[in-house]
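**Q** Structure file structure-v7.pdb (PDB, C-alpha atoms) is given on the next line.
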```pdb
MODEL        1
ATOM      1  CA  MET J  12      86.948 133.309  73.380
ATOM      2  CA  PRO J  13      84.540 131.339  71.115
ATOM      3  CA  ASN J  14      81.775 133.250  69.373
ATOM      4  CA  PRO J  15      78.308 132.798  70.928
ATOM      5  CA  LEU J  16      75.954 130.444  69.100
ATOM      6  CA  ASN J  17      73.430 131.951  66.721
ATOM      7  CA  PRO J  18      70.781 129.209  66.336
ATOM      8  CA  GLN J  19      68.364 129.796  63.455
ATOM      9  CA  ARG J  20      65.201 127.958  62.388
ATOM     10  CA  ARG J  21      63.255 128.841  59.274
ATOM     11  CA  VAL J  22      60.043 127.485  57.744
ATOM     12  CA  ILE J  23      60.087 126.941  54.001
ATOM     13  CA  GLY J  24      56.758 125.792  52.635
ATOM     14  CA  ASP J  25      55.619 122.899  54.809
ATOM     15  CA  ARG J  26      58.948 122.072  56.413
ATOM     16  CA  ALA J  27      61.446 123.600  58.832
ATOM     17  CA  VAL J  28      65.191 123.959  58.317
ATOM     18  CA  VAL J  29      67.852 124.745  60.938
ATOM     19  CA  ASN J  30      71.455 125.923  60.895
ATOM     20  CA  ARG J  31      74.429 124.205  62.522
ATOM     21  CA  ASP J  32      74.354 126.443  65.586
ATOM     22  CA  TRP J  33      70.771 125.291  66.186
ATOM     23  CA  ILE J  34      71.999 121.682  65.916
ATOM     24  CA  ARG J  35      74.790 122.372  68.414
ATOM     25  CA  LYS J  36      72.410 124.014  70.876
ATOM     26  CA  PHE J  37      69.850 121.211  70.487
ATOM     27  CA  THR J  38      72.405 118.406  70.994
ATOM     28  CA  GLY J  39      75.110 120.066  73.089
ATOM     29  CA  ALA J  40      77.673 118.945  70.488
ATOM     30  CA  SER J  41      80.955 120.734  69.828
ATOM     31  CA  ALA J  42      81.687 122.347  66.470
ATOM     32  CA  GLY J  43      83.947 119.429  65.521
ATOM     33  CA  THR J  44      81.362 116.787  66.401
ATOM     34  CA  ALA J  45      78.583 118.541  64.485
ATOM     35  CA  ALA J  46      80.878 118.918  61.467
ATOM     36  CA  ARG J  47      81.831 115.237  61.619
ATOM     37  CA  TRP J  48      78.193 114.090  61.662
ATOM     38  CA  TYR J  49      77.742 115.769  58.288
ATOM     39  CA  LYS J  50      81.154 114.736  56.925
ATOM     40  CA  VAL J  51      80.444 111.004  57.309
ATOM     41  CA  ARG J  52      76.765 111.145  56.278
ATOM     42  CA  ASP J  53      77.350 108.879  53.268
ATOM     43  CA  GLU J  54      78.551 106.150  55.626
ATOM     44  CA  GLN J  55      75.361 106.283  57.680
ATOM     45  CA  PRO J  56      72.263 104.139  56.929
ATOM     46  CA  LYS J  57      70.270 105.853  54.189
ATOM     47  CA  GLU J  58      67.045 105.848  56.208
ATOM     48  CA  HIS J  59      68.754 107.557  59.182
ATOM     49  CA  ARG J  60      71.253 109.749  57.347
ATOM     50  CA  HIS J  61      72.220 113.267  58.434
ATOM     51  CA  PRO J  62      70.396 115.696  56.093
ATOM     52  CA  GLU J  63      72.182 117.268  53.153
ATOM     53  CA  LYS J  64      72.912 120.962  53.532
ATOM     54  CA  GLU J  65      70.884 123.600  51.721
ATOM     55  CA  ARG J  66      72.322 127.018  50.938
ATOM     56  CA  ILE J  67      69.934 129.776  52.014
ATOM     57  CA  ASP J  68      70.957 133.451  52.038
ATOM     58  CA  GLY J  69      74.614 132.485  52.019
ATOM     59  CA  ALA J  70      74.375 130.079  54.977
ATOM     60  CA  ASP J  71      73.990 126.304  55.347
ATOM     61  CA  PHE J  72      70.709 124.901  56.670
ATOM     62  CA  TYR J  73      69.490 121.349  57.252
ATOM     63  CA  ASP J  74      66.045 119.744  57.244
ATOM     64  CA  GLU J  75      64.933 119.748  60.897
ATOM     65  CA  LYS J  76      62.740 116.630  60.728
ATOM     66  CA  GLN J  77      65.462 114.609  59.021
ATOM     67  CA  PHE J  78      68.060 115.791  61.535
ATOM     68  CA  ARG J  79      65.874 114.816  64.503
ATOM     69  CA  GLU J  80      65.452 111.347  62.984
ATOM     70  CA  PHE J  81      69.226 111.090  62.473
ATOM     71  CA  TYR J  82      69.938 112.186  66.036
ATOM     72  CA  THR J  83      67.471 109.670  67.506
ATOM     73  CA  TRP J  84      69.224 106.923  65.535
ATOM     74  CA  PHE J  85      72.626 108.212  66.624
ATOM     75  CA  GLN J  86      71.665 108.145  70.306
ATOM     76  CA  ASN J  87      70.351 104.596  69.943
ATOM     77  CA  GLU J  88      73.588 103.566  68.194
ATOM     78  CA  LYS J  89      75.633 104.931  71.098
ATOM     79  CA  ALA J  90      73.496 103.106  73.619
ATOM     80  CA  SER J  91      73.787  99.839  71.668
ATOM     81  CA  LYS J  92      77.594  99.988  71.889
ATOM     82  CA  VAL J  93      77.603 100.140  75.678
ATOM     83  CA  LEU J  94      78.601  96.840  77.221
ATOM     84  CA  LYS J  95      75.855  95.104  79.168
ATOM     85  CA  ALA J  96      76.576  94.322  82.809
ATOM     86  CA  ASP J  97      76.048  90.866  84.265
ATOM     87  CA  PRO J  98      72.651  90.836  86.072
ATOM     88  CA  GLU J  99      74.542  89.534  89.109
ATOM     89  CA  LEU J 100      75.985  93.036  89.602
ATOM     90  CA  TYR J 101      72.625  94.342  90.842
ATOM     91  CA  LYS J 102      71.923  91.296  93.006
ATOM     92  CA  LEU J 103      74.969  92.024  95.179
ATOM     93  CA  HIS J 104      74.804  94.392  98.170
ATOM     94  CA  PRO J 105      76.307  97.810  97.321
ATOM     95  CA  GLU J 106      78.776  97.563 100.249
ATOM     96  CA  THR J 107      80.185  94.240  99.031
ATOM     97  CA  VAL J 108      83.828  94.438  97.921
ATOM     98  CA  VAL J 109      84.835  92.287  94.927
ATOM     99  CA  SER J 110      88.200  91.653  93.311
ATOM    100  CA  ILE J 111      89.329  93.405  90.140
ATOM    101  CA  ASN J 112      88.821  90.107  88.286
ATOM    102  CA  LYS J 113      85.223  89.850  89.488
ATOM    103  CA  ALA J 114      84.590  93.537  88.752
ATOM    104  CA  ALA J 115      85.713  93.024  85.139
ATOM    105  CA  GLN J 116      83.406  90.025  84.790
ATOM    106  CA  LEU J 117      80.415  91.864  86.279
ATOM    107  CA  LEU J 118      80.878  94.809  83.918
ATOM    108  CA  GLY J 119      81.366  92.654  80.810
ATOM    109  CA  PHE J 120      85.003  93.620  80.250
ATOM    110  CA  LYS J 121      87.450  91.314  78.513
ATOM    111  CA  GLY J 122      89.555  91.122  81.654
ATOM    112  CA  PRO J 123      91.030  93.088  84.584
ATOM    113  CA  SER J 124      93.565  94.740  82.258
ATOM    114  CA  THR J 125      90.719  96.935  80.954
ATOM    115  CA  ILE J 126      90.136  98.346  84.440
ATOM    116  CA  ARG J 127      93.876  98.834  85.006
ATOM    117  CA  LYS J 128      94.102 100.799  81.759
ATOM    118  CA  TYR J 129      91.174 103.034  82.737
ATOM    119  CA  LEU J 130      92.748 103.755  86.121
ATOM    120  CA  LYS J 131      96.102 104.566  84.504
ATOM    121  CA  ASP J 132      95.016 106.531  81.433
ATOM    122  CA  ASN J 133      91.688 108.079  82.503
ATOM    123  CA  PRO J 134      91.975 109.212  86.149
ATOM    124  CA  GLY J 135      88.553 109.835  87.683
ATOM    125  CA  TYR J 136      86.649 107.901  85.028
ATOM    126  CA  PHE J 137      86.576 104.502  86.722
ATOM    127  CA  PRO J 138      85.952 104.193  90.496
ATOM    128  CA  ASP J 139      89.064 103.831  92.639
ATOM    129  CA  SER J 140      89.961 100.648  94.454
ATOM    130  CA  VAL J 141      88.843 100.577  98.096
ATOM    131  CA  GLY J 142      91.569  98.189  99.216
ATOM    132  CA  GLU J 143      92.918  94.743  98.453
ATOM    133  CA  VAL J 144      91.343  91.305  98.489
ATOM    134  CA  GLU J 145      92.753  87.841  98.014
ATOM    135  CA  GLY J 146      92.994  86.790  94.369
ATOM    136  CA  PRO J 147      92.654  83.297  92.882
ATOM    137  CA  THR J 148      96.324  82.491  93.574
ATOM    138  CA  GLY J 149      96.263  83.862  97.111
ATOM    139  CA  ARG J 150      98.024  87.085  96.073
ATOM    140  CA  LEU J 151      96.450  90.381  97.130
ATOM    141  CA  ILE J 152      94.810  92.251  94.230
ATOM    142  CA  PRO J 153      92.729  95.475  94.048
ATOM    143  CA  GLY J 154      89.163  95.340  95.365
ATOM    144  CA  PHE J 155      86.193  97.477  94.357
ATOM    145  CA  ARG J 156      82.955  98.404  96.110
ATOM    146  CA  VAL J 157      79.918  96.983  94.274
ATOM    147  CA  GLY J 158      77.928 100.200  94.768
ATOM    148  CA  ASP J 159      80.639 102.131  92.911
ATOM    149  CA  LEU J 160      80.538  99.597  90.079
ATOM    150  CA  GLN J 161      76.741  99.921  89.892
ATOM    151  CA  ASP J 162      77.022 103.714  89.640
ATOM    152  CA  PHE J 163      79.660 103.357  86.906
ATOM    153  CA  ASP J 164      77.428 100.995  84.939
ATOM    154  CA  ARG J 165      74.400 103.314  85.187
ATOM    155  CA  ASN J 166      76.494 106.152  83.757
ATOM    156  CA  ARG J 167      77.653 104.179  80.714
ATOM    157  CA  THR J 168      75.657 106.042  78.068
ATOM    158  CA  GLY J 169      78.042 105.752  75.132
ATOM    159  CA  ASP J 170      79.091 109.401  75.343
ATOM    160  CA  LYS J 171      82.620 108.339  76.283
ATOM    161  CA  LEU J 172      83.180 105.753  73.590
ATOM    162  CA  GLY J 173      86.892 105.335  73.037
ATOM    163  CA  LYS J 174      87.679 105.607  76.747
ATOM    164  CA  ALA J 175      85.182 103.163  78.219
ATOM    165  CA  GLY J 176      81.797 101.598  77.682
ATOM    166  CA  ARG J 177      82.685  99.994  74.371
ATOM    167  CA  ARG J 178      83.541  96.545  73.144
ATOM    168  CA  PRO J 179      87.303  95.884  72.946
ATOM    169  CA  GLY J 180      88.929  96.062  69.513
ATOM    170  CA  PRO J 181      87.841  97.704  66.249
ATOM    171  CA  GLN J 182      84.228  98.855  66.114
ATOM    172  CA  LYS J 183      82.138  97.702  63.146
ATOM    173  CA  GLU J 184      79.763 100.164  61.498
ATOM    174  CA  ALA J 185      80.748 103.060  63.746
ATOM    175  CA  PRO J 186      80.965 106.050  61.374
ATOM    176  CA  VAL J 187      79.819 108.620  63.922
ATOM    177  CA  GLY J 188      82.277 108.076  66.757
ATOM    178  CA  ARG J 189      83.887 110.795  68.817
ATOM    179  CA  PRO J 190      86.321 112.878  66.715
ATOM    180  CA  SER J 191      89.960 113.179  67.695
ATOM    181  CA  ALA J 192      91.293 116.285  69.416
ATOM    182  CA  LEU J 193      92.999 117.245  66.154
ATOM    183  CA  GLU J 194      89.703 116.924  64.248
ATOM    184  CA  GLU J 195      88.035 119.144  66.853
ATOM    185  CA  ALA J 196      90.789 121.756  66.523
ATOM    186  CA  LEU J 197      90.752 121.785  62.706
ATOM    187  CA  ALA J 198      86.969 121.450  62.264
ATOM    188  CA  ALA J 199      86.557 124.945  60.836
ATOM    189  CA  GLU J 200      89.499 124.521  58.426
ATOM    190  CA  LEU J 201      88.169 121.135  57.274
ATOM    191  CA  SER J 202      84.693 122.583  56.805
ATOM    192  CA  ALA J 203      86.089 125.454  54.708
ATOM    193  CA  ARG J 204      87.725 122.892  52.402
ATOM    194  CA  ALA J 205      84.651 120.657  52.173
ATOM    195  CA  GLY J 206      84.128 121.424  48.478
ATOM    196  CA  GLY J 207      87.631 120.408  47.415
ATOM    197  CA  GLU J 208      89.685 117.241  47.690
ATOM    198  CA  PRO J 209      88.654 115.288  50.832
ATOM    199  CA  LEU J 210      91.247 115.547  53.582
ATOM    200  CA  THR J 211      91.558 114.014  57.011
ATOM    201  CA  ALA J 212      92.565 116.195  59.944
ATOM    202  CA  THR J 213      96.016 114.563  59.966
ATOM    203  CA  GLN J 214      96.537 115.232  56.258
ATOM    204  CA  LEU J 215      95.510 118.871  56.633
ATOM    205  CA  ALA J 216      97.734 119.268  59.694
ATOM    206  CA  GLU J 217     100.655 117.782  57.752
ATOM    207  CA  GLN J 218     100.060 120.364  55.019
ATOM    208  CA  PHE J 219     100.243 123.149  57.603
ATOM    209  CA  ALA J 220     103.444 121.660  59.061
ATOM    210  CA  ALA J 221     105.057 121.327  55.613
ATOM    211  CA  GLU J 222     104.160 124.932  54.776
ATOM    212  CA  ALA J 223     105.718 126.127  58.046
ATOM    213  CA  ILE J 224     108.887 124.140  57.356
ATOM    214  CA  ASP J 225     109.110 125.504  53.796
ATOM    215  CA  ARG J 226     108.596 129.045  55.078
ATOM    216  CA  ASP J 227     110.739 129.137  58.222
ATOM    217  CA  GLY J 228     112.697 125.883  58.225
ATOM    218  CA  TYR J 229     112.426 123.152  60.830
ATOM    219  CA  HIS J 230     113.221 123.859  64.484
ATOM    220  CA  PRO J 231     112.493 121.746  67.590
ATOM    221  CA  GLY J 232     109.755 124.042  68.917
ATOM    222  CA  LEU J 233     107.681 123.830  65.714
ATOM    223  CA  ALA J 234     105.116 121.363  67.076
ATOM    224  CA  ALA J 235     104.421 123.580  70.083
ATOM    225  CA  GLU J 236     104.001 126.622  67.818
ATOM    226  CA  LEU J 237     101.545 124.779  65.546
ATOM    227  CA  SER J 238      99.604 123.593  68.594
ATOM    228  CA  VAL J 239      99.202 127.206  69.753
ATOM    229  CA  GLN J 240      98.362 128.475  66.259
ATOM    230  CA  TYR J 241      95.794 125.850  65.257
ATOM    231  CA  GLY J 242      94.843 124.173  68.536
ATOM    232  CA  GLY J 243      95.049 120.496  69.413
ATOM    233  CA  PRO J 244      97.511 118.599  71.619
ATOM    234  CA  GLN J 245     101.232 119.207  71.151
ATOM    235  CA  ARG J 246     101.806 115.435  71.019
ATOM    236  CA  SER J 247      99.534 115.204  67.964
ATOM    237  CA  TRP J 248     101.490 117.962  66.261
ATOM    238  CA  GLU J 249     104.797 116.251  67.112
ATOM    239  CA  TYR J 250     103.538 113.210  65.200
ATOM    240  CA  VAL J 251     102.393 115.440  62.326
ATOM    241  CA  VAL J 252     105.723 117.298  62.127
ATOM    242  CA  ARG J 253     107.641 114.008  62.192
ATOM    243  CA  ASN J 254     105.544 112.746  59.244
ATOM    244  CA  ALA J 255     105.986 116.004  57.347
ATOM    245  CA  LEU J 256     109.762 115.749  57.724
ATOM    246  CA  GLU J 257     109.771 112.126  56.576
ATOM    247  CA  HIS J 258     107.702 112.938  53.489
ATOM    248  CA  ARG J 259     109.867 115.840  52.379
ATOM    249  CA  PRO J 260     112.004 115.015  49.309
ATOM    250  CA  ALA J 261     115.716 115.280  49.918
ATOM    251  CA  PRO J 262     117.422 118.029  47.831
ATOM    252  CA  ALA J 263     119.213 116.417  44.892
ATOM    253  CA  ALA J 264     122.434 118.404  45.402
ATOM    254  CA  THR J 265     122.721 117.630  49.105
ATOM    255  CA  PRO J 266     125.330 114.979  49.898
ATOM    256  CA  ALA J 267     123.946 111.907  51.617
ATOM    257  CA  ARG J 268     124.074 112.130  55.385
ATOM    258  CA  SER J 269     123.983 109.361  57.886
ATOM    259  CA  GLU J 270     121.109 109.119  60.354
ATOM    260  CA  ALA J 271     123.591 109.863  63.138
ATOM    261  CA  ASP J 272     124.626 113.124  61.415
ATOM    262  CA  ARG J 273     120.995 114.106  60.909
ATOM    263  CA  ARG J 274     120.139 113.496  64.557
ATOM    264  CA  ALA J 275     123.241 115.377  65.693
ATOM    265  CA  GLU J 276     122.170 118.425  63.651
ATOM    266  CA  ILE J 277     118.654 118.273  65.117
ATOM    267  CA  ALA J 278     120.108 117.970  68.624
ATOM    268  CA  LEU J 279     122.448 120.916  67.978
ATOM    269  CA  ALA J 280     119.529 123.089  66.824
ATOM    270  CA  ALA J 281     117.611 122.086  69.948
ATOM    271  CA  MET J 282     120.560 122.917  72.212
ATOM    272  CA  ARG J 283     120.911 126.352  70.639
ATOM    273  CA  GLU J 284     117.203 127.041  71.148
ATOM    274  CA  ARG J 285     116.643 125.497  74.588
ATOM    275  CA  GLY J 286     120.136 125.222  76.014
ATOM    276  CA  ASP J 287     121.889 122.021  77.070
ATOM    277  CA  VAL J 288     119.068 121.139  79.452
ATOM    278  CA  ARG J 289     118.511 117.947  81.349
ATOM    279  CA  GLY J 290     116.127 115.553  79.625
ATOM    280  CA  LEU J 291     116.867 116.922  76.137
ATOM    281  CA  ALA J 292     117.487 113.445  74.685
ATOM    282  CA  ALA J 293     114.162 112.124  76.000
ATOM    283  CA  SER J 294     112.345 115.169  74.621
ATOM    284  CA  LEU J 295     113.923 114.704  71.181
ATOM    285  CA  ALA J 296     113.024 111.001  71.223
ATOM    286  CA  ARG J 297     109.409 111.921  71.878
ATOM    287  CA  GLU J 298     109.372 114.563  69.140
ATOM    288  CA  HIS J 299     111.229 112.645  66.433
ATOM    289  CA  GLY J 300     110.884 108.995  67.305
ATOM    290  CA  GLY J 301     113.594 106.561  68.290
ATOM    291  CA  SER J 302     114.976 105.602  71.673
ATOM    292  CA  PRO J 303     116.332 108.045  74.282
ATOM    293  CA  ASP J 304     119.683 106.191  74.105
ATOM    294  CA  VAL J 305     120.026 106.977  70.399
ATOM    295  CA  TRP J 306     119.216 110.631  71.026
ATOM    296  CA  SER J 307     121.580 110.726  73.997
ATOM    297  CA  ARG J 308     124.394 109.860  71.583
ATOM    298  CA  ALA J 309     123.108 112.552  69.218
ATOM    299  CA  VAL J 310     123.196 115.131  72.033
ATOM    300  CA  ASN J 311     126.780 114.130  72.884
ATOM    301  CA  ALA J 312     127.723 114.512  69.207
ATOM    302  CA  ALA J 313     126.031 117.914  69.146
ATOM    303  CA  ARG J 314     128.112 118.986  72.153
ATOM    304  CA  GLN J 315     131.230 118.096  70.168
ATOM    305  CA  LEU J 316     129.981 120.141  67.212
ATOM    306  CA  ALA J 317     129.208 123.080  69.484
ATOM    307  CA  ASP J 318     132.592 122.948  71.231
ATOM    308  CA  PRO J 319     135.146 120.718  69.459
ATOM    309  CA  THR J 320     137.744 121.338  72.202
ATOM    310  CA  THR J 321     135.759 119.448  74.854
TER
ENDMDL
END
```
Could the structure of this file be written out as structure tokens, please?
**A**
Amino acid sequence: MPNPLNPQRRVIGDRAVVNRDWIRKFTGASAGTAARWYKVRDEQPKEHRHPEKERIDGADFYDEKQFREFYTWFQNEKASKVLKADPELYKLHPETVVSINKAAQLLGFKGPSTIRKYLKDNPGYFPDSVGEVEGPTGRLIPGFRVGDLQDFDRNRTGDKLGKAGRRPGPQKEAPVGRPSALEEALAAELSARAGGEPLTATQLAEQFAAEAIDRDGYHPGLAAELSVQYGGPQRSWEYVVRNALEHRPAPAATPARSEADRRAEIALAAMRERGDVRGLAASLAREHGGSPDVWSRAVNAARQLADPTT
């Protein structure tokens, strides 16, 4: 259970300073987001920059006035990145049903594929289709209620940048975007290392994975264990573990092995840990990269290693 916030505000001379818990309470930000605001301060405009920390009685404090100015700028930056709807959207009756193509145009999206991606990858974020209407070629395509689209547009504040409400493609001058789940999970570790060599969350996670492999050896459940130990999605840790394995130098005395032999050994270790379960090849493909077909052959080879008589 997370520790309760302990917001502090102190007056030093003619100015006030606040700690990070005060900043989190004031903004509603998570620990990772608040840490990231400070981490990328040098990339922010000088006149709106997050204040530098000041060490007072063994704790970090920040100039309150300067932080408020930064946060006002940050909120305006978020709002400026929200796509602007076509004025026609609010001229239509809320009960009107428009096609997915028209909905994309009204909301300023690049095309209907944006809406399809939201519906697939972010359930509940974009309003559901209310039926089908005839498309430009006569084929039936999804239709959306205008009132639902108006509500969606009113709620585009920039707080969900990265999922919706942003221009397609890379974002210019966006140093204060939403941190990844891995950054959120490792925020405290990154903060503790702030005085040393700069590290990204992925680089730090790869260090943790390499240390675990050096200590206990690799096994198929390692990503899940690291996810429980440090937090963050298991899929992110699977990517990290895969990178850590690729970056490990091969022992000089070890005879060269083929990729097929390496995969067979990994599959054999997985079978011993999890059993010869259905879907093992697909799981290994997700954890280590490559196609399920390749890993299916590795699983078959592992079965031969486990029981050469079969």
**Q** Please, which residues are within 8 Å of (72.8, 113.6, 65.8) by the file's coordinates, counting only C-alpha atoms, and could they come as number ranges by chain?
**A** J: 38, 45, 48, 61, 78-79, 81-86
**Q** Please report the interatomic distance between CA of Asn30 in chain J and CA of Ala70 in chain J in Å with one decimal.
**A**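 These atoms are spaced 7.8 Å apart.
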**Q** Expanded to explicit residues, what is the PyMOL selection byres ((chain J and resi 63) around 8) for this file, as a ChimeraX atom specification?
**A** /J:49,61-62,64-65,73-74
**Q** For Val28 in chain J, which of J:Leu103, J:Leu215, J:Ile67, J:Ala40 is the closest residue, counting all atoms listed in the file?
**A**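 Ranked by minimum distance to Val28 in chain J, first place goes to J:Ile67.
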**Q** Just want the 12 Å neighbourhood of Leu295 in chain J, counted on all atoms listed in the file, with same-chain residues fewer than 3 positions away dropped. Output as an mmCIF file with C-alpha atoms, keeping the file's coordinate frame.
**A**
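File selection-v8.cif, as written:
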```cif
data_model
loop_
_atom_site.group_PDB
_atom_site.id
_atom_site.type_symbol
_atom_site.label_atom_id
_atom_site.label_comp_id
_atom_site.auth_asym_id
_atom_site.auth_seq_id
_atom_site.Cartn_x
_atom_site.Cartn_y
_atom_site.Cartn_z
ATOM 1 C CA HIS J 230 113.221 123.859 64.484
ATOM 2 C CA PRO J 231 112.493 121.746 67.590
ATOM 3 C CA GLY J 232 109.755 124.042 68.917
ATOM 4 C CA ALA J 234 105.116 121.363 67.076
ATOM 5 C CA GLU J 249 104.797 116.251 67.112
ATOM 6 C CA ARG J 253 107.641 114.008 62.192
ATOM 7 C CA ARG J 274 120.139 113.496 64.557
ATOM 8 C CA ALA J 275 123.241 115.377 65.693
ATOM 9 C CA GLU J 276 122.170 118.425 63.651
ATOM 10 C CA ILE J 277 118.654 118.273 65.117
ATOM 11 C CA ALA J 278 120.108 117.970 68.624
ATOM 12 C CA LEU J 279 122.448 120.916 67.978
ATOM 13 C CA ALA J 280 119.529 123.089 66.824
ATOM 14 C CA ALA J 281 117.611 122.086 69.948
ATOM 15 C CA MET J 282 120.560 122.917 72.212
ATOM 16 C CA ARG J 285 116.643 125.497 74.588
ATOM 17 C CA VAL J 288 119.068 121.139 79.452
ATOM 18 C CA ARG J 289 118.511 117.947 81.349
ATOM 19 C CA GLY J 290 116.127 115.553 79.625
ATOM 20 C CA LEU J 291 116.867 116.922 76.137
ATOM 21 C CA ALA J 292 117.487 113.445 74.685
ATOM 22 C CA GLU J 298 109.372 114.563 69.140
ATOM 23 C CA HIS J 299 111.229 112.645 66.433
ATOM 24 C CA GLY J 300 110.884 108.995 67.305
ATOM 25 C CA GLY J 301 113.594 106.561 68.290
ATOM 26 C CA SER J 302 114.976 105.602 71.673
ATOM 27 C CA PRO J 303 116.332 108.045 74.282
ATOM 28 C CA ASP J 304 119.683 106.191 74.105
ATOM 29 C CA VAL J 305 120.026 106.977 70.399
ATOM 30 C CA TRP J 306 119.216 110.631 71.026
ATOM 31 C CA SER J 307 121.580 110.726 73.997
ATOM 32 C CA ARG J 308 124.394 109.860 71.583
ATOM 33 C CA ALA J 309 123.108 112.552 69.218
ATOM 34 C CA VAL J 310 123.196 115.131 72.033
#
```
**Q** Would you kindly translate the PyMOL selection byres ((chain J and resi 140-147) around 10) into the concrete residues it picks from this file, as a list of chain:residue names?
**A** J:Val108, J:Val109, J:Ser110, J:Ile111, J:Asn112, J:Lys113, J:Leu130, J:Phe137, J:Pro138, J:Asp139, J:Thr148, J:Gly149, J:Arg150, J:Leu151, J:Ile152, J:Pro153, J:Gly154, J:Phe155, J:Arg156, J:Asp159
**Q** Pick out the closest residue to Leu233 in chain J from this set: J:Gln214, J:Ser41, J:Gln245, J:Asn254. Count all atoms listed in the file.
**A** J:Gln245
**Q** Which value, in Å to one decimal, gives the distance between CA of Gln77 in chain J and CA of Arg26 in chain J?
**A**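 Distance reported for this atom pair: 10.2 Å.
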**Q** For the PyMOL selection byres ((chain J and resi 252) around 10), applied here, can you spell out every residue it catches as an MDAnalysis selection string?
**A** chainID J and resid 216:221 223:224 229 231 233:234 237 246:251 253:258 298:299
**Q** Please indicate the distance in Å from CA of Ser238 in chain J to CA of Gly286 in chain J, rounded to one decimal place.
**A**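 Separating CA of Ser238 in chain J from CA of Gly286 in chain J is a distance of 21.9 Å.
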**Q** Compare J:Gly43, J:Pro18, J:Gly158, J:Gly135 by their minimum atom-to-atom distance to Ala212 in chain J, counting all atoms listed in the file, and give me the closest one.
**A**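 The closest residue to Ala212 in chain J is J:Gly43.
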**Q** Taking only C-alpha atoms into account, which of J:Lys95, J:Gln116, J:Glu106, J:Ala296 comes nearest Arg165 in chain J?
**A**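 Among the listed residues, J:Lys95 lies closest to Arg165 in chain J.
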**Q** Excluding Ala42 in chain J and its own-chain neighbours fewer than 6 positions away, which residues fall within 10 Å of it when counting only C-alpha atoms? Please give them as a PyMOL selection string.
**A** chain J and resi 31-32+34-35+194-199
**Q** For range 66-70 of chain J, supply all heavy atoms and report the output as a PDB file, keeping the file's coordinate frame.
**A**
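Saved file out35.pdb follows:
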```pdb
ATOM      1  N   ARG J  66      71.784 125.658  50.854  1.00  0.00           N
ATOM      2  CA  ARG J  66      72.322 127.018  50.938  1.00  0.00           C
ATOM      3  C   ARG J  66      71.168 128.012  50.878  1.00  0.00           C
ATOM      4  O   ARG J  66      70.425 128.072  49.889  1.00  0.00           O
ATOM      5  CB  ARG J  66      73.285 127.248  49.783  1.00  0.00           C
ATOM      6  CG  ARG J  66      74.273 128.356  50.009  1.00  0.00           C
ATOM      7  CD  ARG J  66      75.299 127.974  51.042  1.00  0.00           C
ATOM      8  NE  ARG J  66      76.321 129.015  51.172  1.00  0.00           N
ATOM      9  CZ  ARG J  66      77.188 129.071  52.164  1.00  0.00           C
ATOM     10  NH1 ARG J  66      77.159 128.156  53.121  1.00  0.00           N
ATOM     11  NH2 ARG J  66      78.092 130.024  52.211  1.00  0.00           N
ATOM     12  N   ILE J  67      71.003 128.785  51.944  1.00  0.00           N
ATOM     13  CA  ILE J  67      69.934 129.776  52.014  1.00  0.00           C
ATOM     14  C   ILE J  67      70.541 131.096  52.500  1.00  0.00           C
ATOM     15  O   ILE J  67      71.127 131.149  53.593  1.00  0.00           O
ATOM     16  CB  ILE J  67      68.812 129.329  52.971  1.00  0.00           C
ATOM     17  CG1 ILE J  67      68.203 127.997  52.511  1.00  0.00           C
ATOM     18  CG2 ILE J  67      67.742 130.405  53.076  1.00  0.00           C
ATOM     19  CD1 ILE J  67      67.209 127.416  53.486  1.00  0.00           C
ATOM     20  N   ASP J  68      70.420 132.119  51.689  1.00  0.00           N
ATOM     21  CA  ASP J  68      70.957 133.451  52.038  1.00  0.00           C
ATOM     22  C   ASP J  68      72.417 133.368  52.472  1.00  0.00           C
ATOM     23  O   ASP J  68      72.845 133.984  53.453  1.00  0.00           O
ATOM     24  CB  ASP J  68      70.113 134.080  53.159  1.00  0.00           C
ATOM     25  CG  ASP J  68      68.700 134.374  52.720  1.00  0.00           C
ATOM     26  OD1 ASP J  68      68.487 134.528  51.497  1.00  0.00           O
ATOM     27  OD2 ASP J  68      67.808 134.447  53.595  1.00  0.00           O
ATOM     28  N   GLY J  69      73.181 132.564  51.751  1.00  0.00           N
ATOM     29  CA  GLY J  69      74.614 132.485  52.019  1.00  0.00           C
ATOM     30  C   GLY J  69      75.000 131.650  53.218  1.00  0.00           C
ATOM     31  O   GLY J  69      76.163 131.670  53.636  1.00  0.00           O
ATOM     32  N   ALA J  70      74.067 130.906  53.807  1.00  0.00           N
ATOM     33  CA  ALA J  70      74.375 130.079  54.977  1.00  0.00           C
ATOM     34  C   ALA J  70      73.832 128.668  54.759  1.00  0.00           C
ATOM     35  O   ALA J  70      72.898 128.456  53.973  1.00  0.00           O
ATOM     36  CB  ALA J  70      73.776 130.690  56.239  1.00  0.00           C
TER      37      ALA J  70
END
```
